[in-house]
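Worksheet for the structure shown next.
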Amino acid sequence: MIEELSKVIKETALKIGFDACGITKAEYLNEDAAYLFTWLNAEMNGSMSFMKNNFEKRVDPQKLVPGCKSVVVVLLNYFPDQIQNSDLPKIAKYAYSSTDYHYVIKEKLRLLEAEINRYLGEQAADNAYQHLFVDSAPVLERRWAQKAGLGWIGKNKQLIGEGLGSFCFIGTLMLNVEMDYNVPLRDKCGNCTKCIDACPTNALVNGKLDARKCISYLTIEAKEDIPAEYSDKLSGYVVGCDICADVCPWNKKWAIPHNHSELKPIDEIFEWKKSDWDNLTLSQYKRIFKNSAINRVGYKKLKRNLEMFNNPPI
C-alpha cells in the first residue's frame, strides 16, 4: 500500500506538470542545524534578518507541521529557450516569467494534494497548519530535494537536479502519512570549482555562501546600498545572478528549455532596448512586472540597479 501510494504520487506529479518528484522521511536535519547555526553566527545572512527566525522549524519539519511524517518534493524546470542580449541589463532566468513562479508551483501543489486526498482522504495533511511551501517559509527546500533523491547540493549551494541541472524551482508538500522513501543521491561535483572561480565577488568561501557578497542578494534582498567594493562586480545584472549556474558543467550537459506555458516570458525583457530600461517609469513597472518575480525587487531598487549598470565605477 505504501509503495503503491508513493508511486501514484510521483506519477501524478509528473502528469500535473512537474519535471521530477521524490519523497523523503520528515526528520530532524542535524547537519543543516549545525551549518545554519555557524552561518548565522558569522552574519552571512546580511540584512535578511528573517533567516534568524524560526530556527527550529527550519531544521525540524515536525515543529513546522505537527504530525508531519513525509516530505514530498517536486521540481519545475525554468530554463528558457531564449536569452537576453548580452549588452542589456541582465535579469536572472528565474525572473523571466510574466507570472511569479510562487503562484505557478503553489497551484500545481494544490492539484497534487487534491489527488492525494482522493486516495487517503483529508487525514493526509492537517489543514490547521500550512503544509504546502514554495520558497517563502522556513523550509530548507534544497536539502529536502537532495534527501528525496532528486539531486545534490553543489558547491554553489544550489540543488543540481539529476538530469535537469540547477535551473529548477522547488516545491514541498508535508504530509502526515508514512510512505516509501527515495535514496539520496551522492555528490557528483568532484574536484570541480568552476562556480567558485567564476563568482566575481568571491561569495562562495570555505564551503559556504556569504550572502553579503552574492550578486543576487545585493540586487534584490539587501536593505543597505551596494558596497563600493562590489559595485563594479555586478557583471551587468540588475535582478539576481546566474553566473555560478551558467558555468556549471552539469547545466551545460542537462539544462534544456522548459515546456511550461505558465512560465511564458515577459516580452519586454527581450524586446526592449537599453533606452527603454533607462526610461522605465513607475506606471510601466507596475503594468509590465506586476505579476512577475521582478515585482519583488521594487521599482526604487530596480532603478538604483539600472543606474549602477549605466554608470559603473571607474
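Naming works like this for the C-alpha cells: A, B, ... for the chains as they're shown, residue 1 at the start of each chain, ligands 1 onward in shown order.
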If you count only C-alpha atoms, which residues fall within 12 Å of Ala42 in chain A, apart from same-chain ones fewer than 3 positions away, as an MDAnalysis selection string? chainID A and resid 35:39 45:46 52 208:212
How would you write, as an MDAnalysis selection string, the set of residues in range 151-304 of chain A that DSSP gives as alpha helix (DSSP H)? chainID A and resid 194:198 215:216 243:246 249:254 267:271 274:278 282:289 299:304
Restrict the selected residues to C-alpha atoms and save them as a PDB file, in the first residue's frame.
ATOM      1  CA  LYS A 194      34.132  26.386 -11.776  1.00  0.00           C
ATOM      2  CA  CYS A 195      31.273  28.018  -9.857  1.00  0.00           C
ATOM      3  CA  ILE A 196      33.609  29.179  -7.089  1.00  0.00           C
ATOM      4  CA  ASP A 197      36.165  30.508  -9.563  1.00  0.00           C
ATOM      5  CA  ALA A 198      33.571  32.331 -11.680  1.00  0.00           C
ATOM      6  CA  ILE A 215      25.043  39.492  -6.567  1.00  0.00           C
ATOM      7  CA  SER A 216      21.535  38.072  -6.176  1.00  0.00           C
ATOM      8  CA  ILE A 243      26.937  33.273 -13.196  1.00  0.00           C
ATOM      9  CA  CYS A 244      27.663  30.301 -10.935  1.00  0.00           C
ATOM     10  CA  ALA A 245      24.908  28.268 -12.597  1.00  0.00           C
ATOM     11  CA  ASP A 246      25.833  29.174 -16.166  1.00  0.00           C
ATOM     12  CA  PRO A 249      29.229  21.577 -16.364  1.00  0.00           C
ATOM     13  CA  TRP A 250      26.091  19.754 -15.267  1.00  0.00           C
ATOM     14  CA  ASN A 251      23.911  22.600 -16.532  1.00  0.00           C
ATOM     15  CA  LYS A 252      25.800  22.594 -19.812  1.00  0.00           C
ATOM     16  CA  LYS A 253      25.016  18.890 -20.069  1.00  0.00           C
ATOM     17  CA  TRP A 254      21.438  18.771 -18.776  1.00  0.00           C
ATOM     18  CA  ASP A 267       8.344  40.093 -23.940  1.00  0.00           C
ATOM     19  CA  GLU A 268       9.966  43.347 -22.905  1.00  0.00           C
ATOM     20  CA  ILE A 269      12.954  41.523 -21.384  1.00  0.00           C
ATOM     21  CA  PHE A 270      13.987  40.547 -24.907  1.00  0.00           C
ATOM     22  CA  GLU A 271      12.443  43.326 -26.985  1.00  0.00           C
ATOM     23  CA  LYS A 274      18.783  49.908 -23.334  1.00  0.00           C
ATOM     24  CA  SER A 275      16.942  53.237 -23.629  1.00  0.00           C
ATOM     25  CA  ASP A 276      13.657  51.543 -22.688  1.00  0.00           C
ATOM     26  CA  TRP A 277      15.200  50.328 -19.438  1.00  0.00           C
ATOM     27  CA  ASP A 278      16.701  53.751 -18.805  1.00  0.00           C
ATOM     28  CA  LEU A 282       6.692  53.588 -12.221  1.00  0.00           C
ATOM     29  CA  SER A 283       3.459  53.099 -14.168  1.00  0.00           C
ATOM     30  CA  GLN A 284       5.278  50.904 -16.721  1.00  0.00           C
ATOM     31  CA  TYR A 285       6.895  48.931 -13.932  1.00  0.00           C
ATOM     32  CA  LYS A 286       3.548  48.247 -12.274  1.00  0.00           C
ATOM     33  CA  ARG A 287       1.889  47.273 -15.537  1.00  0.00           C
ATOM     34  CA  ILE A 288       4.599  45.074 -17.010  1.00  0.00           C
ATOM     35  CA  PHE A 289       6.010  43.392 -13.921  1.00  0.00           C
ATOM     36  CA  TYR A 299      10.754  49.959  -8.503  1.00  0.00           C
ATOM     37  CA  LYS A 300      13.130  52.084  -6.453  1.00  0.00           C
ATOM     38  CA  LYS A 301      15.720  49.339  -6.059  1.00  0.00           C
ATOM     39  CA  LEU A 302      15.469  48.316  -9.707  1.00  0.00           C
ATOM     40  CA  LYS A 303      16.065  51.926 -10.798  1.00  0.00           C
ATOM     41  CA  ARG A 304      19.077  52.074  -8.496  1.00  0.00           C
TER      42      ARG A 304
END
Interatomic distance between CA of Gln130 in chain A and CA of Gly240 in chain A?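 Pair CA of Gln130 in chain A / CA of Gly240 in chain A returns 28.1 Å.
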Any idea what's packed within 9 Å of range 164-171 of chain A, counting only C-alpha atoms, ignoring anything in its chain fewer than 2 positions away? Could you give it as a compact mmCIF listing (two decimals) with N, CA and C atoms, in the first residue's frame?
# COMPACT_ATOMS: atom_id res chain seq x y z
N ASP A 19 8.49 18.39 -13.27
CA ASP A 19 9.51 17.67 -14.02
C ASP A 19 10.16 16.55 -13.22
N ALA A 20 9.99 16.55 -11.92
CA ALA A 20 10.53 15.48 -11.08
C ALA A 20 9.82 15.50 -9.74
N VAL A 72 7.09 15.47 0.46
CA VAL A 72 7.03 15.28 -0.99
C VAL A 72 7.68 16.49 -1.63
N VAL A 73 8.65 16.26 -2.50
CA VAL A 73 9.41 17.36 -3.13
C VAL A 73 9.24 17.29 -4.64
N VAL A 74 8.98 18.43 -5.25
CA VAL A 74 8.80 18.50 -6.70
C VAL A 74 9.75 19.54 -7.30
N LEU A 75 10.13 19.32 -8.54
CA LEU A 75 10.98 20.26 -9.27
C LEU A 75 10.25 20.71 -10.53
N LEU A 76 10.45 21.98 -10.89
CA LEU A 76 9.88 22.53 -12.12
C LEU A 76 11.00 23.26 -12.88
N ASN A 77 11.33 22.74 -14.03
CA ASN A 77 12.37 23.32 -14.88
C ASN A 77 11.95 24.71 -15.36
N TYR A 78 12.85 25.70 -15.27
CA TYR A 78 12.53 27.02 -15.78
C TYR A 78 13.56 27.53 -16.78
N PHE A 79 14.44 26.66 -17.26
CA PHE A 79 15.47 27.11 -18.20
C PHE A 79 14.79 27.59 -19.48
N LYS A 93 17.43 34.27 -14.95
CA LYS A 93 16.48 33.49 -15.73
C LYS A 93 15.22 33.11 -14.94
N TYR A 94 15.34 32.95 -13.64
CA TYR A 94 14.17 32.56 -12.85
C TYR A 94 13.09 33.63 -12.90
N TYR A 101 6.73 32.60 -10.17
CA TYR A 101 6.78 31.14 -10.03
C TYR A 101 6.10 30.64 -8.77
N HIS A 102 6.04 31.46 -7.72
CA HIS A 102 5.36 31.05 -6.49
C HIS A 102 3.92 30.64 -6.79
N ILE A 105 3.74 27.22 -8.98
CA ILE A 105 4.02 25.98 -8.26
C ILE A 105 2.98 25.71 -7.19
N LYS A 106 2.53 26.74 -6.51
CA LYS A 106 1.51 26.52 -5.47
C LYS A 106 0.23 25.94 -6.06
N LEU A 109 0.87 22.35 -6.74
CA LEU A 109 0.91 21.59 -5.49
C LEU A 109 -0.49 21.37 -4.93
N LEU A 132 2.13 23.33 2.59
CA LEU A 132 2.48 23.42 1.19
C LEU A 132 3.38 24.64 1.03
N PHE A 133 4.60 24.45 0.52
CA PHE A 133 5.58 25.53 0.58
C PHE A 133 6.33 25.73 -0.74
N VAL A 134 6.56 27.00 -1.06
CA VAL A 134 7.35 27.38 -2.23
C VAL A 134 8.21 28.59 -1.87
N ASP A 135 9.42 28.36 -1.40
CA ASP A 135 10.41 29.42 -1.27
C ASP A 135 9.91 30.63 -0.47
N GLU A 141 14.48 23.78 1.43
CA GLU A 141 13.97 23.04 0.27
C GLU A 141 15.04 22.24 -0.47
N ARG A 142 16.22 22.82 -0.61
CA ARG A 142 17.27 22.12 -1.35
C ARG A 142 17.70 20.85 -0.63
N ALA A 145 15.07 18.23 -1.17
CA ALA A 145 15.16 17.70 -2.53
C ALA A 145 16.31 16.71 -2.65
N GLY A 151 18.56 15.12 -6.55
CA GLY A 151 19.80 15.75 -6.97
C GLY A 151 20.74 15.90 -5.78
N GLY A 154 25.24 21.52 -4.90
CA GLY A 154 26.55 21.80 -5.47
C GLY A 154 27.36 22.77 -4.62
N GLN A 158 23.46 25.47 -4.72
CA GLN A 158 22.21 25.24 -5.44
C GLN A 158 21.97 23.75 -5.60
N LEU A 159 20.70 23.37 -5.70
CA LEU A 159 20.39 21.98 -5.99
C LEU A 159 20.67 21.73 -7.47
N ILE A 160 21.44 20.69 -7.75
CA ILE A 160 21.69 20.27 -9.12
C ILE A 160 20.82 19.03 -9.35
N GLY A 161 19.72 19.23 -10.03
CA GLY A 161 18.76 18.16 -10.24
C GLY A 161 19.28 17.13 -11.23
N GLU A 162 19.18 15.87 -10.86
CA GLU A 162 19.63 14.78 -11.73
C GLU A 162 18.88 14.84 -13.06
N LEU A 173 5.61 19.52 -0.14
CA LEU A 173 4.30 19.21 0.44
C LEU A 173 4.53 18.26 1.60
N ALA A 245 25.68 29.34 -11.97
CA ALA A 245 24.91 28.27 -12.60
C ALA A 245 25.29 28.11 -14.06
N CYS A 248 28.34 25.93 -14.65
CA CYS A 248 28.30 24.55 -14.14
C CYS A 248 28.27 23.53 -15.28
N TRP A 250 27.32 20.54 -15.27
CA TRP A 250 26.09 19.75 -15.27
C TRP A 250 24.95 20.50 -15.96
N ASN A 251 24.93 21.83 -15.81
CA ASN A 251 23.91 22.60 -16.53
C ASN A 251 24.19 22.59 -18.03
N LYS A 252 25.46 22.66 -18.39
CA LYS A 252 25.80 22.59 -19.81
C LYS A 252 25.38 21.25 -20.41
N LYS A 253 25.39 20.23 -19.60
CA LYS A 253 25.02 18.89 -20.07
C LYS A 253 23.51 18.67 -20.05
N TRP A 254 22.83 19.14 -18.99
CA TRP A 254 21.44 18.77 -18.78
C TRP A 254 20.40 19.86 -19.04
N ALA A 255 20.75 21.12 -18.88
CA ALA A 255 19.73 22.17 -18.96
C ALA A 255 19.17 22.29 -20.37
N ILE A 256 17.87 22.10 -20.49
CA ILE A 256 17.18 22.25 -21.78
C ILE A 256 15.95 23.13 -21.54
Separation of CA of Met44 in chain A from CA of Glu31 in chain A, in Å and rounded to one decimal: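 Those two atoms sit 17.6 Å apart.
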Expressed in Å to a single decimal, how great is the separation between CA of Asp232 in chain A and CA of Pro312 in chain A?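 Those two atoms sit 5.8 Å apart.
Shortest separation to Tyr237 in chain A among A:Cys68, A:Leu280, A:Ile294, A:Ala92 occurs at residue A:Ala92, atoms counted being only C-alpha atoms.
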Among range 46-265 of chain A, which ones does DSSP assign to strand (DSSP E) (computed from the backbone)? Answer as JSON, numbers by chain. {"A": [70, 71, 72, 73, 74, 75, 76, 77, 90, 91, 132, 133, 151, 152, 153, 159, 160, 161, 168, 169, 170, 171, 172, 173, 174, 175, 204, 205, 208, 209, 237, 238, 239]}
Atoms kept (N, CA and C atoms) for selection, written as a short mmCIF file (atom, residue, chain, number, x, y, z; two decimals), in the first residue's frame:
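Contents of the output file again-v7.cif:
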data_model
loop_
_atom_site.label_atom_id
_atom_site.label_comp_id
_atom_site.auth_asym_id
_atom_site.auth_seq_id
_atom_site.Cartn_x
_atom_site.Cartn_y
_atom_site.Cartn_z
N SER A 70 6.19 12.73 6.24
CA SER A 70 6.83 12.61 4.92
C SER A 70 6.88 13.97 4.23
N VAL A 71 7.93 14.16 3.44
CA VAL A 71 8.07 15.39 2.66
C VAL A 71 8.10 15.01 1.18
N VAL A 72 7.09 15.47 0.46
CA VAL A 72 7.03 15.28 -0.99
C VAL A 72 7.68 16.49 -1.63
N VAL A 73 8.65 16.26 -2.50
CA VAL A 73 9.41 17.36 -3.13
C VAL A 73 9.24 17.29 -4.64
N VAL A 74 8.98 18.43 -5.25
CA VAL A 74 8.80 18.50 -6.70
C VAL A 74 9.75 19.54 -7.30
N LEU A 75 10.13 19.32 -8.54
CA LEU A 75 10.98 20.26 -9.27
C LEU A 75 10.25 20.71 -10.53
N LEU A 76 10.45 21.98 -10.89
CA LEU A 76 9.88 22.53 -12.12
C LEU A 76 11.00 23.26 -12.88
N ASN A 77 11.33 22.74 -14.03
CA ASN A 77 12.37 23.32 -14.88
C ASN A 77 11.95 24.71 -15.36
N LYS A 90 20.88 42.76 -17.17
CA LYS A 90 20.59 41.33 -17.09
C LYS A 90 19.58 40.99 -15.99
N ILE A 91 18.64 40.14 -16.35
CA ILE A 91 17.66 39.60 -15.42
C ILE A 91 17.96 38.11 -15.25
N LEU A 132 2.13 23.33 2.59
CA LEU A 132 2.48 23.42 1.19
C LEU A 132 3.38 24.64 1.03
N PHE A 133 4.60 24.45 0.52
CA PHE A 133 5.58 25.53 0.58
C PHE A 133 6.33 25.73 -0.74
N GLY A 151 18.56 15.12 -6.55
CA GLY A 151 19.80 15.75 -6.97
C GLY A 151 20.74 15.90 -5.78
N TRP A 152 21.71 16.77 -5.93
CA TRP A 152 22.64 17.04 -4.83
C TRP A 152 22.88 18.54 -4.75
N ILE A 153 23.39 19.00 -3.61
CA ILE A 153 23.67 20.42 -3.44
C ILE A 153 25.10 20.70 -3.87
N LEU A 159 20.70 23.37 -5.70
CA LEU A 159 20.39 21.98 -5.99
C LEU A 159 20.67 21.73 -7.47
N ILE A 160 21.44 20.69 -7.75
CA ILE A 160 21.69 20.27 -9.12
C ILE A 160 20.82 19.03 -9.35
N GLY A 161 19.72 19.23 -10.03
CA GLY A 161 18.76 18.16 -10.24
C GLY A 161 19.28 17.13 -11.23
N CYS A 168 15.92 24.97 -11.73
CA CYS A 168 14.64 24.37 -11.34
C CYS A 168 14.09 25.04 -10.09
N PHE A 169 12.80 25.25 -10.06
CA PHE A 169 12.13 25.69 -8.85
C PHE A 169 11.82 24.45 -8.01
N ILE A 170 11.74 24.65 -6.69
CA ILE A 170 11.47 23.54 -5.77
C ILE A 170 10.19 23.83 -4.98
N GLY A 171 9.35 22.83 -4.87
CA GLY A 171 8.16 22.92 -4.03
C GLY A 171 8.11 21.75 -3.08
N THR A 172 7.51 21.94 -1.92
CA THR A 172 7.41 20.85 -0.94
C THR A 172 5.99 20.74 -0.41
N LEU A 173 5.61 19.52 -0.14
CA LEU A 173 4.30 19.21 0.44
C LEU A 173 4.53 18.26 1.60
N MET A 174 4.17 18.70 2.81
CA MET A 174 4.43 17.89 4.00
C MET A 174 3.15 17.17 4.43
N LEU A 175 3.26 15.85 4.52
CA LEU A 175 2.09 15.01 4.77
C LEU A 175 2.23 14.23 6.07
N LEU A 204 31.43 32.59 -2.63
CA LEU A 204 31.49 31.18 -2.24
C LEU A 204 32.83 30.93 -1.57
N VAL A 205 32.80 30.86 -0.24
CA VAL A 205 34.04 30.73 0.53
C VAL A 205 33.94 29.62 1.57
N LYS A 208 30.77 27.70 2.06
CA LYS A 208 29.57 28.46 2.42
C LYS A 208 29.31 29.56 1.40
N LEU A 209 28.06 29.98 1.34
CA LEU A 209 27.69 31.13 0.52
C LEU A 209 27.52 32.33 1.42
N TYR A 237 24.23 42.57 -14.07
CA TYR A 237 22.96 42.11 -13.50
C TYR A 237 22.26 43.22 -12.73
N VAL A 238 20.94 43.31 -12.92
CA VAL A 238 20.12 44.25 -12.17
C VAL A 238 19.05 43.52 -11.36
N VAL A 239 18.81 42.25 -11.67
CA VAL A 239 17.90 41.40 -10.90
C VAL A 239 18.52 40.01 -10.81
#
List the neighbours of range 176-179 of chain A out to 12 Å using only C-alpha atoms; skip same-chain residues closer than 3 positions along the sequence, and give me the result as a ChimeraX atom specification. /A:1-10,22-27,61-62,65-72,116-117,119-127,129,131,148,173,182
Store the residues picked out above, limited to N, CA and C atoms, as a tab-separated table (two decimals), in the first residue's frame.
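The resulting file, again-v2.tsv, is reproduced below:
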chain	number	residue	atom	x	y	z
A	1	MET	N	0.83	-1.21	0.00
A	1	MET	CA	0.00	0.00	0.00
A	1	MET	C	0.86	1.26	0.00
A	2	ILE	N	1.88	1.30	0.88
A	2	ILE	CA	2.75	2.47	0.96
A	2	ILE	C	3.54	2.64	-0.33
A	3	GLU	N	4.07	1.54	-0.86
A	3	GLU	CA	4.84	1.61	-2.09
A	3	GLU	C	3.96	2.05	-3.25
A	4	GLU	N	2.75	1.54	-3.31
A	4	GLU	CA	1.84	1.90	-4.40
A	4	GLU	C	1.45	3.37	-4.31
A	5	LEU	N	1.19	3.84	-3.08
A	5	LEU	CA	0.80	5.24	-2.89
A	5	LEU	C	1.93	6.16	-3.33
A	6	SER	N	3.15	5.84	-2.95
A	6	SER	CA	4.30	6.66	-3.32
A	6	SER	C	4.46	6.71	-4.84
A	7	LYS	N	4.27	5.59	-5.48
A	7	LYS	CA	4.37	5.53	-6.94
A	7	LYS	C	3.29	6.39	-7.59
A	8	VAL	N	2.09	6.32	-7.07
A	8	VAL	CA	0.97	7.10	-7.61
A	8	VAL	C	1.24	8.60	-7.47
A	9	ILE	N	1.76	9.00	-6.31
A	9	ILE	CA	2.05	10.42	-6.07
A	9	ILE	C	3.06	10.94	-7.07
A	10	LYS	N	4.11	10.18	-7.30
A	10	LYS	CA	5.15	10.61	-8.24
A	10	LYS	C	4.60	10.68	-9.66
A	22	GLY	N	10.11	13.44	-5.72
A	22	GLY	CA	10.71	12.47	-4.82
A	22	GLY	C	10.08	12.60	-3.45
A	23	ILE	N	10.28	11.61	-2.61
A	23	ILE	CA	9.68	11.61	-1.27
A	23	ILE	C	10.73	11.18	-0.25
A	24	THR	N	10.76	11.88	0.87
A	24	THR	CA	11.72	11.55	1.92
A	24	THR	C	11.05	11.61	3.29
A	25	LYS	N	11.68	10.99	4.25
A	25	LYS	CA	11.17	10.97	5.61
A	25	LYS	C	11.36	12.34	6.27
A	26	ALA	N	10.35	12.80	6.98
A	26	ALA	CA	10.44	14.06	7.72
A	26	ALA	C	11.19	13.80	9.02
A	27	GLU	N	12.38	14.34	9.11
A	27	GLU	CA	13.20	14.11	10.30
A	27	GLU	C	14.09	15.32	10.57
A	61	PRO	N	10.95	19.53	10.59
A	61	PRO	CA	9.65	19.69	9.94
A	61	PRO	C	8.47	19.43	10.86
A	62	GLN	N	8.69	18.63	11.90
A	62	GLN	CA	7.59	18.34	12.81
A	62	GLN	C	7.28	19.52	13.73
A	65	VAL	N	5.24	21.59	10.91
A	65	VAL	CA	3.95	20.96	10.62
A	65	VAL	C	3.78	19.79	11.59
A	66	PRO	N	3.15	20.01	12.73
A	66	PRO	CA	2.97	18.93	13.72
A	66	PRO	C	2.31	17.70	13.10
A	67	GLY	N	2.90	16.54	13.38
A	67	GLY	CA	2.37	15.30	12.82
A	67	GLY	C	2.95	14.92	11.49
A	68	CYS	N	3.80	15.79	10.92
A	68	CYS	CA	4.39	15.52	9.61
A	68	CYS	C	5.29	14.28	9.66
A	69	LYS	N	5.12	13.40	8.68
A	69	LYS	CA	5.92	12.19	8.60
A	69	LYS	C	6.70	12.08	7.28
A	70	SER	N	6.19	12.73	6.24
A	70	SER	CA	6.83	12.61	4.92
A	70	SER	C	6.88	13.97	4.23
A	71	VAL	N	7.93	14.16	3.44
A	71	VAL	CA	8.07	15.39	2.66
A	71	VAL	C	8.10	15.01	1.18
A	72	VAL	N	7.09	15.47	0.46
A	72	VAL	CA	7.03	15.28	-0.99
A	72	VAL	C	7.68	16.49	-1.63
A	116	ILE	N	-3.95	13.43	-3.91
A	116	ILE	CA	-3.55	12.60	-2.76
A	116	ILE	C	-4.74	12.39	-1.83
A	117	ASN	N	-5.52	13.45	-1.64
A	117	ASN	CA	-6.69	13.35	-0.76
A	117	ASN	C	-7.74	12.39	-1.32
A	119	TYR	N	-7.08	9.60	-2.58
A	119	TYR	CA	-6.64	8.26	-2.17
A	119	TYR	C	-6.71	8.08	-0.67
A	120	LEU	N	-6.35	9.11	0.08
A	120	LEU	CA	-6.19	8.96	1.53
A	120	LEU	C	-7.24	9.69	2.36
A	121	GLY	N	-7.97	10.59	1.72
A	121	GLY	CA	-8.90	11.40	2.50
A	121	GLY	C	-8.18	12.59	3.11
A	122	GLU	N	-8.91	13.42	3.82
A	122	GLU	CA	-8.36	14.66	4.36
A	122	GLU	C	-7.32	14.44	5.45
A	123	GLN	N	-7.18	13.22	5.96
A	123	GLN	CA	-6.23	12.97	7.03
A	123	GLN	C	-4.78	12.98	6.55
A	124	ALA	N	-4.58	13.05	5.25
A	124	ALA	CA	-3.22	13.04	4.71
A	124	ALA	C	-2.41	14.25	5.17
A	125	ALA	N	-3.10	15.35	5.44
A	125	ALA	CA	-2.44	16.56	5.93
A	125	ALA	C	-3.38	17.29	6.87
A	126	ASP	N	-2.82	17.97	7.83
A	126	ASP	CA	-3.60	18.73	8.80
A	126	ASP	C	-3.78	20.15	8.28
A	127	ASN	N	-4.99	20.48	7.88
A	127	ASN	CA	-5.25	21.80	7.30
A	127	ASN	C	-5.20	22.92	8.33
A	129	TYR	N	-2.57	23.63	9.74
A	129	TYR	CA	-1.22	24.16	9.57
A	129	TYR	C	-0.89	24.28	8.08
A	131	HIS	N	1.09	23.53	5.04
A	131	HIS	CA	1.92	22.35	4.78
A	131	HIS	C	2.36	22.27	3.32
A	148	ALA	N	15.37	13.55	-0.97
A	148	ALA	CA	14.34	12.85	-1.73
A	148	ALA	C	14.88	12.25	-3.03
A	173	LEU	N	5.61	19.52	-0.14
A	173	LEU	CA	4.30	19.21	0.44
A	173	LEU	C	4.53	18.26	1.60
A	182	ASN	N	12.69	7.72	-1.15
A	182	ASN	CA	13.79	7.66	-2.11
A	182	ASN	C	15.14	7.64	-1.38
Using only C-alpha atoms, determine which residues lie at most 10 Å from Lys223 in chain A, disregarding the query and same-chain residues fewer than 2 positions distant; provide the list as a PyMOL selection string. chain A and resi 46-48+217-221+225-226+301
If you keep N, CA and C atoms, can you produce a file of those selected residues as a PDB file, in the first residue's frame?
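Saved file again-v3.pdb follows:
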ATOM      1  N   GLY A  46      23.480  38.622   6.104  1.00  0.00           N
ATOM      2  CA  GLY A  46      23.369  40.041   5.810  1.00  0.00           C
ATOM      3  C   GLY A  46      22.161  40.657   6.475  1.00  0.00           C
ATOM      4  N   SER A  47      21.395  41.423   5.706  1.00  0.00           N
ATOM      5  CA  SER A  47      20.211  42.082   6.264  1.00  0.00           C
ATOM      6  C   SER A  47      18.961  41.215   6.194  1.00  0.00           C
ATOM      7  N   MET A  48      19.124  39.950   5.817  1.00  0.00           N
ATOM      8  CA  MET A  48      17.974  39.031   5.793  1.00  0.00           C
ATOM      9  C   MET A  48      17.728  38.526   7.219  1.00  0.00           C
ATOM     10  N   TYR A 217      21.769  38.617  -3.846  1.00  0.00           N
ATOM     11  CA  TYR A 217      21.431  39.314  -2.600  1.00  0.00           C
ATOM     12  C   TYR A 217      21.574  40.821  -2.774  1.00  0.00           C
ATOM     13  N   LEU A 218      22.670  41.267  -3.356  1.00  0.00           N
ATOM     14  CA  LEU A 218      22.948  42.697  -3.481  1.00  0.00           C
ATOM     15  C   LEU A 218      21.914  43.417  -4.340  1.00  0.00           C
ATOM     16  N   THR A 219      21.397  42.739  -5.374  1.00  0.00           N
ATOM     17  CA  THR A 219      20.449  43.387  -6.280  1.00  0.00           C
ATOM     18  C   THR A 219      18.993  43.210  -5.873  1.00  0.00           C
ATOM     19  N   ILE A 220      18.720  42.287  -4.931  1.00  0.00           N
ATOM     20  CA  ILE A 220      17.324  42.016  -4.574  1.00  0.00           C
ATOM     21  C   ILE A 220      17.054  42.183  -3.080  1.00  0.00           C
ATOM     22  N   GLU A 221      17.760  41.440  -2.259  1.00  0.00           N
ATOM     23  CA  GLU A 221      17.418  41.331  -0.843  1.00  0.00           C
ATOM     24  C   GLU A 221      18.009  42.428   0.043  1.00  0.00           C
ATOM     25  N   ASP A 225      22.662  49.972   0.818  1.00  0.00           N
ATOM     26  CA  ASP A 225      23.213  50.237  -0.501  1.00  0.00           C
ATOM     27  C   ASP A 225      24.290  49.210  -0.831  1.00  0.00           C
ATOM     28  N   ILE A 226      24.506  48.999  -2.107  1.00  0.00           N
ATOM     29  CA  ILE A 226      25.537  48.062  -2.538  1.00  0.00           C
ATOM     30  C   ILE A 226      26.906  48.640  -2.186  1.00  0.00           C
ATOM     31  N   LYS A 301      14.471  50.104  -6.049  1.00  0.00           N
ATOM     32  CA  LYS A 301      15.720  49.339  -6.059  1.00  0.00           C
ATOM     33  C   LYS A 301      16.127  48.972  -7.480  1.00  0.00           C
TER      34      LYS A 301
END
Nearest-residue call for Phe309 in chain A, choices A:Ser292, A:Thr193, A:Ser235, A:Ser261, using only C-alpha atoms: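 Comparing A:Ser292, A:Thr193, A:Ser235, A:Ser261 against Phe309 in chain A, the winner is A:Ser235.
Considering only C-alpha atoms, the residue among A:Asn311, A:Asn53, A:Ser231, A:Asn291 positioned nearest to Tyr103 in chain A is A:Asn291.
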